>>> print(open('start-v6.cif').read())   # mmCIF, C-alpha atoms and all ligand atoms
data_query
loop_
_atom_site.label_atom_id
_atom_site.label_comp_id
_atom_site.auth_asym_id
_atom_site.auth_seq_id
_atom_site.Cartn_x
_atom_site.Cartn_y
_atom_site.Cartn_z
CA LYS A 22 24.20 45.21 53.61
CA ARG A 23 22.76 43.07 50.82
CA LYS A 24 21.76 44.21 47.35
CA ILE A 25 18.57 42.43 46.34
CA ALA A 26 16.99 42.70 42.90
CA VAL A 27 13.52 41.82 41.71
CA MET A 28 12.28 41.19 38.18
CA THR A 29 9.11 40.04 36.46
CA SER A 30 9.30 37.53 33.65
CA GLY A 31 7.06 35.65 31.20
CA GLY A 32 3.44 36.69 30.72
CA ASP A 33 2.39 39.59 32.95
CA SER A 34 -0.22 38.97 35.60
CA PRO A 35 -2.25 41.25 37.89
CA GLY A 36 -0.44 41.47 41.23
CA MET A 37 3.09 41.50 39.83
CA ASN A 38 3.40 45.18 40.76
CA GLY A 39 2.29 44.38 44.30
CA ALA A 40 5.06 41.77 44.47
CA VAL A 41 7.70 44.23 43.22
CA ARG A 42 6.49 46.87 45.68
CA ALA A 43 6.63 44.41 48.57
CA VAL A 44 10.13 43.23 47.66
CA VAL A 45 11.48 46.77 47.26
CA ARG A 46 9.97 48.04 50.48
CA SER A 47 10.77 45.06 52.67
CA THR A 48 14.34 45.01 51.36
CA ILE A 49 14.71 48.65 52.37
CA ALA A 50 12.89 48.13 55.68
CA LEU A 51 15.34 45.35 56.58
CA GLY A 52 18.25 47.71 55.95
CA HIS A 53 19.34 46.45 52.50
CA GLU A 54 19.48 47.98 49.01
CA ALA A 55 16.68 47.26 46.53
CA TYR A 56 17.02 47.02 42.74
CA CYS A 57 14.62 46.39 39.89
CA ILE A 58 15.63 44.62 36.70
CA TYR A 59 13.50 46.03 33.89
CA GLU A 60 12.19 44.00 30.91
CA GLY A 61 12.66 40.57 32.51
CA TYR A 62 15.76 38.51 31.68
CA GLU A 63 16.50 40.90 28.83
CA GLY A 64 17.36 43.54 31.45
CA LEU A 65 19.65 41.11 33.22
CA VAL A 66 21.46 40.30 29.97
CA LYS A 67 21.70 43.91 28.73
CA GLY A 68 22.31 45.62 32.10
CA GLY A 69 22.99 49.39 32.00
CA ASP A 70 19.86 51.47 32.54
CA LEU A 71 17.73 48.35 32.83
CA ILE A 72 19.07 47.68 36.35
CA LYS A 73 17.91 50.45 38.67
CA ARG A 74 18.32 51.13 42.36
CA MET A 75 14.88 51.68 43.89
CA ALA A 76 13.82 54.00 46.68
CA TRP A 77 10.77 53.55 48.95
CA GLU A 78 8.75 56.15 47.05
CA ASP A 79 9.57 54.70 43.61
CA VAL A 80 6.90 52.04 44.07
CA ARG A 81 4.23 54.31 45.54
CA GLY A 82 0.77 53.50 44.17
CA TRP A 83 1.93 50.30 42.46
CA LEU A 84 -0.34 47.98 44.43
CA SER A 85 -3.41 48.84 42.40
CA GLU A 86 -1.74 48.95 38.97
CA GLY A 87 -2.29 46.12 36.47
CA GLY A 88 0.32 44.45 34.25
CA THR A 89 3.93 44.89 35.30
CA LEU A 90 5.40 48.38 35.52
CA ILE A 91 8.99 47.11 35.27
CA GLY A 92 8.21 45.32 32.02
CA THR A 93 8.57 41.69 31.08
CA ALA A 94 9.81 39.72 28.10
CA ARG A 95 10.21 36.18 26.89
CA CYS A 96 14.01 36.36 26.43
CA ALA A 97 15.74 33.90 24.09
CA GLU A 98 19.27 35.16 24.88
CA PHE A 99 19.13 34.11 28.53
CA ARG A 100 18.42 30.52 27.46
CA GLU A 101 21.94 30.37 25.95
CA ARG A 102 25.12 30.38 28.02
CA PRO A 103 26.54 33.63 26.55
CA GLY A 104 23.37 35.37 27.71
CA ARG A 105 23.74 33.98 31.21
CA LEU A 106 27.42 35.01 31.27
CA ALA A 107 26.42 38.58 30.43
CA ALA A 108 23.73 38.42 33.12
CA ALA A 109 26.19 37.20 35.77
CA LYS A 110 28.61 39.98 34.84
CA ASN A 111 25.88 42.61 35.19
CA LEU A 112 24.89 41.34 38.62
CA VAL A 113 28.50 41.39 39.84
CA LEU A 114 29.08 44.89 38.43
CA ASN A 115 25.99 46.09 40.31
CA GLY A 116 26.94 44.18 43.47
CA ILE A 117 23.70 42.18 43.45
CA ASP A 118 23.77 38.70 45.03
CA GLY A 119 20.08 38.14 45.75
CA LEU A 120 17.55 37.78 42.93
CA ILE A 121 13.79 37.43 43.23
CA VAL A 122 12.01 36.38 40.06
CA CYS A 123 8.25 36.69 39.69
CA GLY A 124 7.06 34.58 36.77
CA GLY A 125 5.78 31.22 35.57
CA ASP A 126 7.49 27.83 35.63
CA GLY A 127 9.78 28.56 32.66
CA SER A 128 11.04 31.78 34.24
CA LEU A 129 11.64 30.12 37.60
CA THR A 130 13.47 27.17 36.04
CA GLY A 131 15.76 29.68 34.27
CA ALA A 132 16.48 31.36 37.60
CA ASP A 133 17.45 28.13 39.33
CA LEU A 134 19.66 27.02 36.45
CA PHE A 135 21.40 30.39 36.68
CA ARG A 136 22.03 29.81 40.37
CA GLN A 137 23.41 26.32 39.77
CA GLU A 138 25.78 27.62 37.10
CA TRP A 139 26.81 30.67 39.12
CA THR A 140 30.29 29.54 40.24
CA GLY A 141 31.16 28.27 36.75
CA LEU A 142 29.92 31.48 35.16
CA LEU A 143 32.11 33.60 37.44
CA GLU A 144 35.13 31.37 36.78
CA GLU A 145 34.63 31.77 33.04
CA LEU A 146 34.26 35.55 33.39
CA VAL A 147 37.61 35.67 35.22
CA GLU A 148 39.30 33.34 32.71
CA THR A 149 38.16 35.49 29.80
CA GLU A 150 39.23 38.62 31.71
CA GLU A 151 35.73 40.09 31.65
CA LEU A 152 36.04 40.45 35.41
CA THR A 153 39.00 40.37 37.82
CA PRO A 154 39.36 37.83 40.65
CA ASP A 155 38.93 40.72 43.12
CA GLN A 156 35.64 41.71 41.52
CA VAL A 157 34.13 38.23 41.80
CA ALA A 158 35.62 37.36 45.21
CA PRO A 159 32.67 38.70 47.29
CA PHE A 160 30.09 36.80 45.18
CA LYS A 161 30.43 33.21 46.38
CA THR A 162 26.78 32.33 45.86
CA LEU A 163 23.73 33.80 44.22
CA ASN A 164 20.53 33.50 46.25
CA ILE A 165 17.36 33.04 44.27
CA ALA A 166 13.73 33.08 45.37
CA GLY A 167 10.76 32.47 43.10
CA LEU A 168 7.37 34.15 43.24
CA VAL A 169 4.80 32.53 41.02
CA GLY A 170 3.15 35.14 38.82
CA SER A 171 0.75 33.68 36.27
CA ILE A 172 -2.95 33.91 35.54
CA ASP A 173 -2.99 30.18 34.73
CA ASN A 174 -2.69 28.84 38.32
CA ASP A 175 -0.68 26.03 36.83
CA MET A 176 2.16 25.66 39.34
CA SER A 177 2.25 22.61 41.56
CA SER A 178 2.90 22.98 45.31
CA THR A 179 0.97 26.21 45.65
CA ASP A 180 -2.76 26.79 45.92
CA ALA A 181 -2.75 30.05 43.98
CA THR A 182 -0.43 31.90 41.65
CA ILE A 183 -0.30 35.70 41.67
CA GLY A 184 -2.89 36.91 39.14
CA ALA A 185 -5.10 33.82 38.89
CA TYR A 186 -7.94 35.19 41.04
CA SER A 187 -7.92 38.52 39.18
CA SER A 188 -8.20 36.70 35.89
CA LEU A 189 -10.95 34.49 37.27
CA ALA A 190 -12.88 37.57 38.41
CA ARG A 191 -12.51 39.14 34.96
CA ILE A 192 -13.74 35.97 33.23
CA CYS A 193 -16.75 35.73 35.55
CA GLN A 194 -17.63 39.35 34.87
CA ALA A 195 -17.41 38.73 31.11
CA VAL A 196 -19.58 35.61 31.36
CA ASP A 197 -22.13 37.56 33.42
CA TYR A 198 -22.33 40.11 30.60
CA ILE A 199 -22.68 37.40 27.99
CA ASP A 200 -25.37 35.71 30.10
CA MET A 201 -27.67 38.70 29.66
CA THR A 202 -27.50 38.76 25.89
CA ALA A 203 -27.58 34.95 25.70
CA ALA A 204 -30.76 34.73 27.79
CA SER A 205 -32.41 37.52 25.80
CA HIS A 206 -32.04 35.54 22.54
CA GLN A 207 -32.13 32.05 24.11
CA ARG A 208 -28.72 31.55 22.57
CA ALA A 209 -25.77 29.30 23.35
CA PHE A 210 -22.28 30.74 23.86
CA VAL A 211 -19.05 28.82 23.69
CA ILE A 212 -16.52 30.82 25.69
CA GLU A 213 -12.83 30.15 25.32
CA VAL A 214 -10.62 30.98 28.28
CA MET A 215 -6.83 31.02 28.74
CA GLY A 216 -4.75 28.74 30.93
CA ARG A 217 -2.31 27.07 28.52
CA HIS A 218 -2.19 23.39 29.66
CA CYS A 219 -4.09 24.09 32.85
CA GLY A 220 -7.86 23.90 33.29
CA TRP A 221 -8.10 25.86 36.54
CA LEU A 222 -9.50 29.07 35.00
CA ALA A 223 -12.02 27.05 32.98
CA VAL A 224 -13.21 24.91 35.89
CA MET A 225 -13.41 27.73 38.41
CA SER A 226 -15.11 30.15 36.04
CA GLY A 227 -17.53 27.41 34.99
CA VAL A 228 -18.40 26.65 38.60
CA SER A 229 -18.67 30.34 39.46
CA THR A 230 -21.02 31.15 36.59
CA GLY A 231 -23.08 27.94 36.51
CA ALA A 232 -21.86 26.89 33.08
CA ASP A 233 -23.57 23.94 31.40
CA TYR A 234 -20.41 22.10 30.28
CA ILE A 235 -16.65 22.61 30.69
CA PHE A 236 -13.66 21.31 28.72
CA ILE A 237 -10.18 21.13 30.29
CA PRO A 238 -6.87 19.53 29.26
CA GLU A 239 -6.26 17.41 32.38
CA LYS A 240 -9.55 15.54 32.22
CA PRO A 241 -10.74 15.07 28.65
CA PRO A 242 -14.42 14.16 28.24
CA PRO A 243 -15.45 10.54 27.63
CA GLU A 244 -15.64 9.16 24.07
CA GLY A 245 -18.89 10.31 22.52
CA TRP A 246 -18.91 13.44 24.68
CA GLU A 247 -20.93 15.21 22.01
CA THR A 248 -24.01 13.17 22.99
CA GLN A 249 -23.34 13.62 26.70
CA MET A 250 -22.93 17.38 26.29
CA CYS A 251 -26.10 17.70 24.21
CA ASP A 252 -28.12 15.56 26.65
CA THR A 253 -26.95 17.72 29.56
CA ILE A 254 -27.79 20.94 27.75
CA SER A 255 -31.22 19.65 26.63
CA ARG A 256 -31.98 18.68 30.22
CA HIS A 257 -31.05 22.17 31.41
CA ARG A 258 -33.19 23.74 28.69
CA LYS A 259 -36.16 21.55 29.67
CA LEU A 260 -35.76 22.84 33.22
CA GLY A 261 -36.41 26.31 31.86
CA LYS A 262 -32.89 27.63 31.26
CA ARG A 263 -32.98 30.25 28.49
CA LYS A 264 -29.26 30.26 27.76
CA THR A 265 -26.39 27.84 27.39
CA ILE A 266 -22.80 28.50 28.40
CA VAL A 267 -19.99 26.11 27.50
CA ILE A 268 -16.50 26.98 28.75
CA VAL A 269 -13.57 25.68 26.72
CA ALA A 270 -10.02 25.92 28.10
CA GLU A 271 -7.65 26.96 25.31
CA GLY A 272 -5.70 23.73 25.88
CA ALA A 273 -8.77 21.43 25.86
CA ILE A 274 -8.24 18.04 24.24
CA ASP A 275 -10.06 14.75 23.76
CA ARG A 276 -8.75 11.38 24.96
CA ASN A 277 -6.71 10.98 21.78
CA LEU A 278 -5.02 14.33 22.46
CA ASN A 279 -6.81 16.09 19.59
CA ALA A 280 -7.70 19.70 20.34
CA ILE A 281 -11.33 20.39 21.18
CA THR A 282 -11.85 23.74 19.57
CA SER A 283 -14.55 26.26 20.40
CA ASN A 284 -15.66 26.23 16.77
CA TYR A 285 -16.13 22.47 16.80
CA VAL A 286 -18.20 22.70 20.01
CA MET A 287 -20.31 25.39 18.34
CA GLU A 288 -20.86 23.18 15.28
CA VAL A 289 -22.08 20.34 17.52
CA LEU A 290 -24.56 22.64 19.30
CA VAL A 291 -25.85 24.02 16.03
CA LYS A 292 -26.14 20.68 14.21
CA ARG A 293 -27.47 18.52 17.02
CA LEU A 294 -29.52 20.93 19.11
CA LYS A 295 -30.26 23.61 16.52
CA LEU A 296 -29.13 26.23 19.00
CA ASP A 297 -28.31 29.71 17.76
CA THR A 298 -24.68 29.67 18.93
CA ARG A 299 -21.82 32.17 19.12
CA VAL A 300 -18.17 31.76 20.08
CA THR A 301 -16.46 34.33 22.31
CA CYS A 302 -12.71 34.06 22.79
CA LEU A 303 -11.97 36.24 25.81
CA GLY A 304 -8.27 36.69 24.98
CA HIS A 305 -6.04 39.14 26.81
CA VAL A 306 -8.82 40.96 28.72
CA GLN A 307 -8.35 38.02 31.07
CA ARG A 308 -4.79 39.12 31.80
CA GLY A 309 -4.96 42.88 31.96
CA GLY A 310 -6.64 45.16 34.45
CA THR A 311 -6.12 45.74 38.13
CA ALA A 312 -5.51 43.03 40.69
CA VAL A 313 -8.37 41.88 42.93
CA ALA A 314 -7.87 42.17 46.70
CA TYR A 315 -6.73 38.54 46.96
CA ASP A 316 -3.85 39.09 44.53
CA ARG A 317 -2.82 42.33 46.26
CA MET A 318 -2.71 40.48 49.57
CA LEU A 319 -0.97 37.40 48.12
CA SER A 320 1.69 39.36 46.25
CA THR A 321 2.44 41.55 49.25
CA LEU A 322 2.76 38.72 51.76
CA GLN A 323 4.77 36.59 49.34
CA GLY A 324 7.05 39.48 48.35
CA VAL A 325 7.95 40.06 52.00
CA GLU A 326 8.55 36.32 52.48
CA ALA A 327 10.82 36.18 49.42
CA VAL A 328 13.07 38.89 50.85
CA LYS A 329 13.22 37.12 54.23
CA ALA A 330 14.13 33.88 52.43
CA ILE A 331 16.99 35.60 50.58
CA VAL A 332 18.35 37.36 53.64
CA LYS A 333 18.33 34.17 55.74
CA ALA A 334 19.43 31.76 52.98
CA LYS A 335 22.32 29.39 53.65
CA PRO A 336 24.48 28.36 50.68
CA GLU A 337 23.31 24.74 50.89
CA ASP A 338 19.57 25.58 50.93
CA PRO A 339 17.67 24.75 47.75
CA SER A 340 16.17 27.81 46.04
CA PRO A 341 12.73 28.42 47.52
CA MET A 342 9.51 29.06 45.70
CA ILE A 343 7.18 31.14 47.80
CA ALA A 344 3.82 29.38 47.89
CA ILE A 345 0.47 29.55 49.63
CA THR A 346 -0.76 26.32 51.14
CA GLU A 347 -4.04 26.09 53.04
CA ASN A 348 -4.02 29.85 53.47
CA LYS A 349 -0.49 30.07 54.87
CA ILE A 350 2.49 31.59 53.09
CA THR A 351 5.05 28.80 52.75
CA ARG A 352 8.40 28.04 51.11
CA LYS A 353 8.70 25.06 48.80
CA PRO A 354 11.76 23.74 46.94
CA LEU A 355 11.55 25.50 43.59
CA VAL A 356 13.05 22.67 41.52
CA GLU A 357 10.57 20.10 42.87
CA ALA A 358 7.58 22.35 42.24
CA VAL A 359 8.69 22.97 38.65
CA GLU A 360 9.33 19.24 38.11
CA MET A 361 5.85 18.36 39.37
CA THR A 362 4.34 21.01 37.10
CA LYS A 363 6.18 19.56 34.11
CA GLY A 364 4.93 16.14 35.22
CA VAL A 365 1.35 17.24 34.49
CA ALA A 366 2.22 18.05 30.88
CA ARG A 367 4.06 14.72 30.59
CA ALA A 368 1.11 12.81 32.07
CA ILE A 369 -1.30 14.44 29.63
CA LYS A 370 1.01 13.64 26.71
CA SER A 371 1.11 9.97 27.71
CA LYS A 372 -2.69 9.95 28.24
CA ASP A 373 -2.33 9.24 31.97
CA PHE A 374 -5.11 11.63 32.91
CA ALA A 375 -5.54 10.21 36.42
CA GLN A 376 -1.90 11.12 37.11
CA ALA A 377 -2.39 14.58 35.59
CA MET A 378 -5.32 15.24 37.93
CA HIS A 379 -3.41 13.76 40.87
CA LEU A 380 -0.49 16.12 40.27
CA ARG A 381 -2.98 18.97 40.17
CA ASP A 382 -4.13 17.87 43.63
CA ALA A 383 -7.48 16.65 42.32
CA GLU A 384 -8.90 13.18 41.97
CA PHE A 385 -9.92 11.70 38.63
CA ASP A 386 -13.54 10.74 39.01
CA GLU A 387 -15.28 9.19 35.99
O1 LIG B 1 0.63 32.09 30.73
C1 LIG B 1 -0.27 33.14 30.60
C2 LIG B 1 -0.95 33.13 29.24
O2 LIG B 1 -1.85 34.21 29.21
C3 LIG B 1 -1.62 31.82 28.88
O3 LIG B 1 -2.87 31.65 29.49
C4 LIG B 1 -1.68 31.96 27.37
O4 LIG B 1 -1.70 30.70 26.75
C5 LIG B 1 -0.43 32.70 27.03
O5 LIG B 1 0.01 33.33 28.22
C6 LIG B 1 -0.58 33.71 25.93
O6 LIG B 1 0.68 34.22 25.66
P1 LIG B 1 0.93 35.52 24.79
O7 LIG B 1 0.46 36.70 25.60
O8 LIG B 1 2.39 35.53 24.58
O9 LIG B 1 0.13 35.37 23.56
#
>>> encode(input="start-v6.cif", output="structure tokens")
Amino acid sequence: KRKIAVMTSGGDSPGMNGAVRAVVRSTIALGHEAYCIYEGYEGLVKGGDLIKRMAWEDVRGWLSEGGTLIGTARCAEFRERPGRLAAAKNLVLNGIDGLIVCGGDGSLTGADLFRQEWTGLLEELVETEELTPDQVAPFKTLNIAGLVGSIDNDMSSTDATIGAYSSLARICQAVDYIDMTAASHQRAFVIEVMGRHCGWLAVMSGVSTGADYIFIPEKPPPEGWETQMCDTISRHRKLGKRKTIVIVAEGAIDRNLNAITSNYVMEVLVKRLKLDTRVTCLGHVQRGGTAVAYDRMLSTLQGVEAVKAIVKAKPEDPSPMIAITENKITRKPLVEAVEMTKGVARAIKSKDFAQAMHLRDAEFDE
């Protein structure tokens, strides 16, 4: 009988509860014991009440709940070795040797590092007499599986992260609302959306709402974009459009890596086109709220797959990240996926935008 724990880490995203529910229930259904680690890595480091055995009924009704009911945190202690030593001790004391982490790339990197250090951590715990050799003997390896929970849809090797479609739906709904007031006054709205260094939410919400112009980090606009943007918007206005919507990803930059801010875009629209313009920064409404059907389905299927991956894992297997590729639930090597994701940020920093788009599975088309 295995003891398998699940935790959520980093920014919450709609669907995380569905993932926890699926992990807990499939662990129990396969005849093992399920645990939840509360408050992300903080719970792992602190232990005690923050590590709880879960029963089937403990996760009843969780599928439709937003946020994460087991809490999350961005934990500084776990980034240091003493924090990871405390975490290893807590897992051993609770008999847990399978850990499923639902979070973004930082959280999943932390999990894999923990796995790689596992033997050394246990040796140190024995040397310092925190644990006895008998206590650590049954814990040869720690099995890790990653579920990608993030509204940003910024992880390479998977088509969708848990929460991205819910956030997209929320953004589209907000833009639809803004559309009505914009058209009434013939106004322009510059709408800032989340996504960190990823433009997926901006592009997809722009396409889904028929926005006039979109700014994303991976593909900065050409030099002199102000003229191009204004020409495009004027053309749309001449075709009879009564409103203007510009979507700006929070990480939008120009080709010299300077931020393109919503306020600057507004200034351009006011000065050059004399449009009555407002800025709306959607903020955390994009992250809260219930999960759309797609995220409920994705988190459930991926949660089940994560448990199967842990139960069947061989010591030499690389830690898997549970992905979705062309509509199939798949397993990808976690370390490679995280490396590719970091590659996008590196490519942007070195102004290799074609490479950034390539790593995002898109082509750079002037
Ligand atoms: O990664 C999710 C995300 O919502 C990003 O889109 C955003 O940049 C960031 O988290 C905001 O973080 P916080 O909630 O800590 O302000």
>>> closest_atom_pairs(input="start-v6.cif", of="segment 117-224 of chain A", to="segment 326-337 of chain A", cutoff="10 Å", atoms="all atoms listed in the file", output="JSON lines")
{"residue": "A:Asp118", "atom": "CA", "partner": "A:Ile331", "partner_atom": "CA", "distance": 9.3}
{"residue": "A:Gly119", "atom": "CA", "partner": "A:Ile331", "partner_atom": "CA", "distance": 6.3}
{"residue": "A:Leu120", "atom": "CA", "partner": "A:Ile331", "partner_atom": "CA", "distance": 8.0}
{"residue": "A:Ile121", "atom": "CA", "partner": "A:Ala327", "partner_atom": "CA", "distance": 7.0}
{"residue": "A:Val122", "atom": "CA", "partner": "A:Ala327", "partner_atom": "CA", "distance": 9.4}
{"residue": "A:Lys161", "atom": "CA", "partner": "A:Pro336", "partner_atom": "CA", "distance": 8.8}
{"residue": "A:Thr162", "atom": "CA", "partner": "A:Pro336", "partner_atom": "CA", "distance": 6.7}
{"residue": "A:Leu163", "atom": "CA", "partner": "A:Pro336", "partner_atom": "CA", "distance": 8.5}
{"residue": "A:Asn164", "atom": "CA", "partner": "A:Ile331", "partner_atom": "CA", "distance": 6.0}
{"residue": "A:Ile165", "atom": "CA", "partner": "A:Ile331", "partner_atom": "CA", "distance": 6.8}
{"residue": "A:Ala166", "atom": "CA", "partner": "A:Ala327", "partner_atom": "CA", "distance": 5.9}
{"residue": "A:Gly167", "atom": "CA", "partner": "A:Ala327", "partner_atom": "CA", "distance": 7.3}
{"residue": "A:Leu168", "atom": "CA", "partner": "A:Ala327", "partner_atom": "CA", "distance": 7.4}
>>> residues_near_ligand(input="start-v6.cif", ligand="ligand LIG 1 (chain B)", cutoff="12 Å", atoms="all atoms listed in the file", output="PDB file with C-alpha atoms, in the coordinates of the input")
ATOM      1  CA  SER A  30       9.300  37.530  33.650  1.00  0.00           C
ATOM      2  CA  GLY A  31       7.060  35.650  31.200  1.00  0.00           C
ATOM      3  CA  GLY A  32       3.440  36.690  30.720  1.00  0.00           C
ATOM      4  CA  ASP A  33       2.390  39.590  32.950  1.00  0.00           C
ATOM      5  CA  SER A  34      -0.220  38.970  35.600  1.00  0.00           C
ATOM      6  CA  PRO A  35      -2.250  41.250  37.890  1.00  0.00           C
ATOM      7  CA  GLY A  88       0.320  44.450  34.250  1.00  0.00           C
ATOM      8  CA  THR A  93       8.570  41.690  31.080  1.00  0.00           C
ATOM      9  CA  ALA A  94       9.810  39.720  28.100  1.00  0.00           C
ATOM     10  CA  ARG A  95      10.210  36.180  26.890  1.00  0.00           C
ATOM     11  CA  CYS A  96      14.010  36.360  26.430  1.00  0.00           C
ATOM     12  CA  GLY A 124       7.060  34.580  36.770  1.00  0.00           C
ATOM     13  CA  GLY A 125       5.780  31.220  35.570  1.00  0.00           C
ATOM     14  CA  ASP A 126       7.490  27.830  35.630  1.00  0.00           C
ATOM     15  CA  GLY A 127       9.780  28.560  32.660  1.00  0.00           C
ATOM     16  CA  SER A 128      11.040  31.780  34.240  1.00  0.00           C
ATOM     17  CA  VAL A 169       4.800  32.530  41.020  1.00  0.00           C
ATOM     18  CA  GLY A 170       3.150  35.140  38.820  1.00  0.00           C
ATOM     19  CA  SER A 171       0.750  33.680  36.270  1.00  0.00           C
ATOM     20  CA  ILE A 172      -2.950  33.910  35.540  1.00  0.00           C
ATOM     21  CA  ASP A 173      -2.990  30.180  34.730  1.00  0.00           C
ATOM     22  CA  ASN A 174      -2.690  28.840  38.320  1.00  0.00           C
ATOM     23  CA  ASP A 175      -0.680  26.030  36.830  1.00  0.00           C
ATOM     24  CA  MET A 176       2.160  25.660  39.340  1.00  0.00           C
ATOM     25  CA  THR A 182      -0.430  31.900  41.650  1.00  0.00           C
ATOM     26  CA  ILE A 183      -0.300  35.700  41.670  1.00  0.00           C
ATOM     27  CA  GLY A 184      -2.890  36.910  39.140  1.00  0.00           C
ATOM     28  CA  ALA A 185      -5.100  33.820  38.890  1.00  0.00           C
ATOM     29  CA  SER A 188      -8.200  36.700  35.890  1.00  0.00           C
ATOM     30  CA  LEU A 189     -10.950  34.490  37.270  1.00  0.00           C
ATOM     31  CA  GLU A 213     -12.830  30.150  25.320  1.00  0.00           C
ATOM     32  CA  VAL A 214     -10.620  30.980  28.280  1.00  0.00           C
ATOM     33  CA  MET A 215      -6.830  31.020  28.740  1.00  0.00           C
ATOM     34  CA  GLY A 216      -4.750  28.740  30.930  1.00  0.00           C
ATOM     35  CA  ARG A 217      -2.310  27.070  28.520  1.00  0.00           C
ATOM     36  CA  HIS A 218      -2.190  23.390  29.660  1.00  0.00           C
ATOM     37  CA  CYS A 219      -4.090  24.090  32.850  1.00  0.00           C
ATOM     38  CA  GLY A 220      -7.860  23.900  33.290  1.00  0.00           C
ATOM     39  CA  TRP A 221      -8.100  25.860  36.540  1.00  0.00           C
ATOM     40  CA  LEU A 222      -9.500  29.070  35.000  1.00  0.00           C
ATOM     41  CA  ALA A 223     -12.020  27.050  32.980  1.00  0.00           C
ATOM     42  CA  ALA A 270     -10.020  25.920  28.100  1.00  0.00           C
ATOM     43  CA  GLU A 271      -7.650  26.960  25.310  1.00  0.00           C
ATOM     44  CA  GLY A 272      -5.700  23.730  25.880  1.00  0.00           C
ATOM     45  CA  ALA A 273      -8.770  21.430  25.860  1.00  0.00           C
ATOM     46  CA  LEU A 303     -11.970  36.240  25.810  1.00  0.00           C
ATOM     47  CA  GLY A 304      -8.270  36.690  24.980  1.00  0.00           C
ATOM     48  CA  HIS A 305      -6.040  39.140  26.810  1.00  0.00           C
ATOM     49  CA  VAL A 306      -8.820  40.960  28.720  1.00  0.00           C
ATOM     50  CA  GLN A 307      -8.350  38.020  31.070  1.00  0.00           C
ATOM     51  CA  ARG A 308      -4.790  39.120  31.800  1.00  0.00           C
ATOM     52  CA  GLY A 309      -4.960  42.880  31.960  1.00  0.00           C
TER      53      GLY A 309
END
>>> closest_residue(input="start-v6.cif", among="A:Lys349, A:Lys363, A:Arg191, A:Arg81", to="Ala312 of chain A", atoms="all atoms listed in the file")
A:Arg191
>>> closest_residue(input="start-v6.cif", among="A:Glu78, A:Cys251, A:Lys292, A:Val267", to="Ile235 of chain A", atoms="only C-alpha atoms")
A:Val267
>>> residues_around(input="start-v6.cif", residues="Ala368 of chain A", least_positions_apart="6", cutoff="10 Å", atoms="only C-alpha atoms", output="PDB file with C-alpha atoms, in the frame of the given file")
ATOM      1  CA  GLU A 239      -6.260  17.410  32.380  1.00  0.00           C
ATOM      2  CA  PHE A 374      -5.110  11.630  32.910  1.00  0.00           C
ATOM      3  CA  ALA A 375      -5.540  10.210  36.420  1.00  0.00           C
ATOM      4  CA  GLN A 376      -1.900  11.120  37.110  1.00  0.00           C
ATOM      5  CA  ALA A 377      -2.390  14.580  35.590  1.00  0.00           C
ATOM      6  CA  MET A 378      -5.320  15.240  37.930  1.00  0.00           C
ATOM      7  CA  HIS A 379      -3.410  13.760  40.870  1.00  0.00           C
ATOM      8  CA  LEU A 380      -0.490  16.120  40.270  1.00  0.00           C
TER       9      LEU A 380
END
>>> residues_around(input="start-v6.cif", residues="segment 37-52 of chain A", least_positions_apart="2", cutoff="7 Å", atoms="only C-alpha atoms", output="list in words")
Lys22, Val27, Ser34, Pro35, Glu54, Ala55, Met75, Trp77, Val80, Trp83, Leu84, Glu86, Gly88, Thr89, Leu90, Gly170, Ile183, Arg317, Ser320, Thr321, Gly324, Val325 and Val328 of chain A
>>> closest_residue(input="start-v6.cif", among="A:Phe160, A:Arg105, A:Ser178, A:Lys295", to="Glu357 of chain A", atoms="only C-alpha atoms")
A:Ser178
>>> atom_distance(input="start-v6.cif", atom1="atom CA of Val313 of chain A", atom2="atom CA of Ala195 of chain A")
15.2 Å
>>> residues_around(input="start-v6.cif", residues="Asp275 of chain A", least_positions_apart="5", cutoff="10 Å", atoms="all atoms listed in the file", output="mmCIF file with C-alpha atoms, keeping the file's coordinate frame")
data_model
loop_
_atom_site.group_PDB
_atom_site.id
_atom_site.type_symbol
_atom_site.label_atom_id
_atom_site.label_comp_id
_atom_site.auth_asym_id
_atom_site.auth_seq_id
_atom_site.Cartn_x
_atom_site.Cartn_y
_atom_site.Cartn_z
ATOM 1 C CA PHE A 236 -13.660 21.310 28.720
ATOM 2 C CA ILE A 237 -10.180 21.130 30.290
ATOM 3 C CA PRO A 238 -6.870 19.530 29.260
ATOM 4 C CA GLU A 239 -6.260 17.410 32.380
ATOM 5 C CA LYS A 240 -9.550 15.540 32.220
ATOM 6 C CA PRO A 241 -10.740 15.070 28.650
ATOM 7 C CA PRO A 242 -14.420 14.160 28.240
ATOM 8 C CA PRO A 243 -15.450 10.540 27.630
ATOM 9 C CA GLU A 244 -15.640 9.160 24.070
ATOM 10 C CA GLY A 245 -18.890 10.310 22.520
ATOM 11 C CA TRP A 246 -18.910 13.440 24.680
ATOM 12 C CA ALA A 280 -7.700 19.700 20.340
ATOM 13 C CA ILE A 281 -11.330 20.390 21.180
ATOM 14 C CA LYS A 372 -2.690 9.950 28.240
#
>>> atom_distance(input="start-v6.cif", atom1="atom CA of Ile199 of chain A", atom2="atom CA of Asn279 of chain A")
27.9 Å
>>> atom_distance(input="start-v6.cif", atom1="atom CA of Val365 of chain A", atom2="atom CA of Thr351 of chain A")
21.9 Å
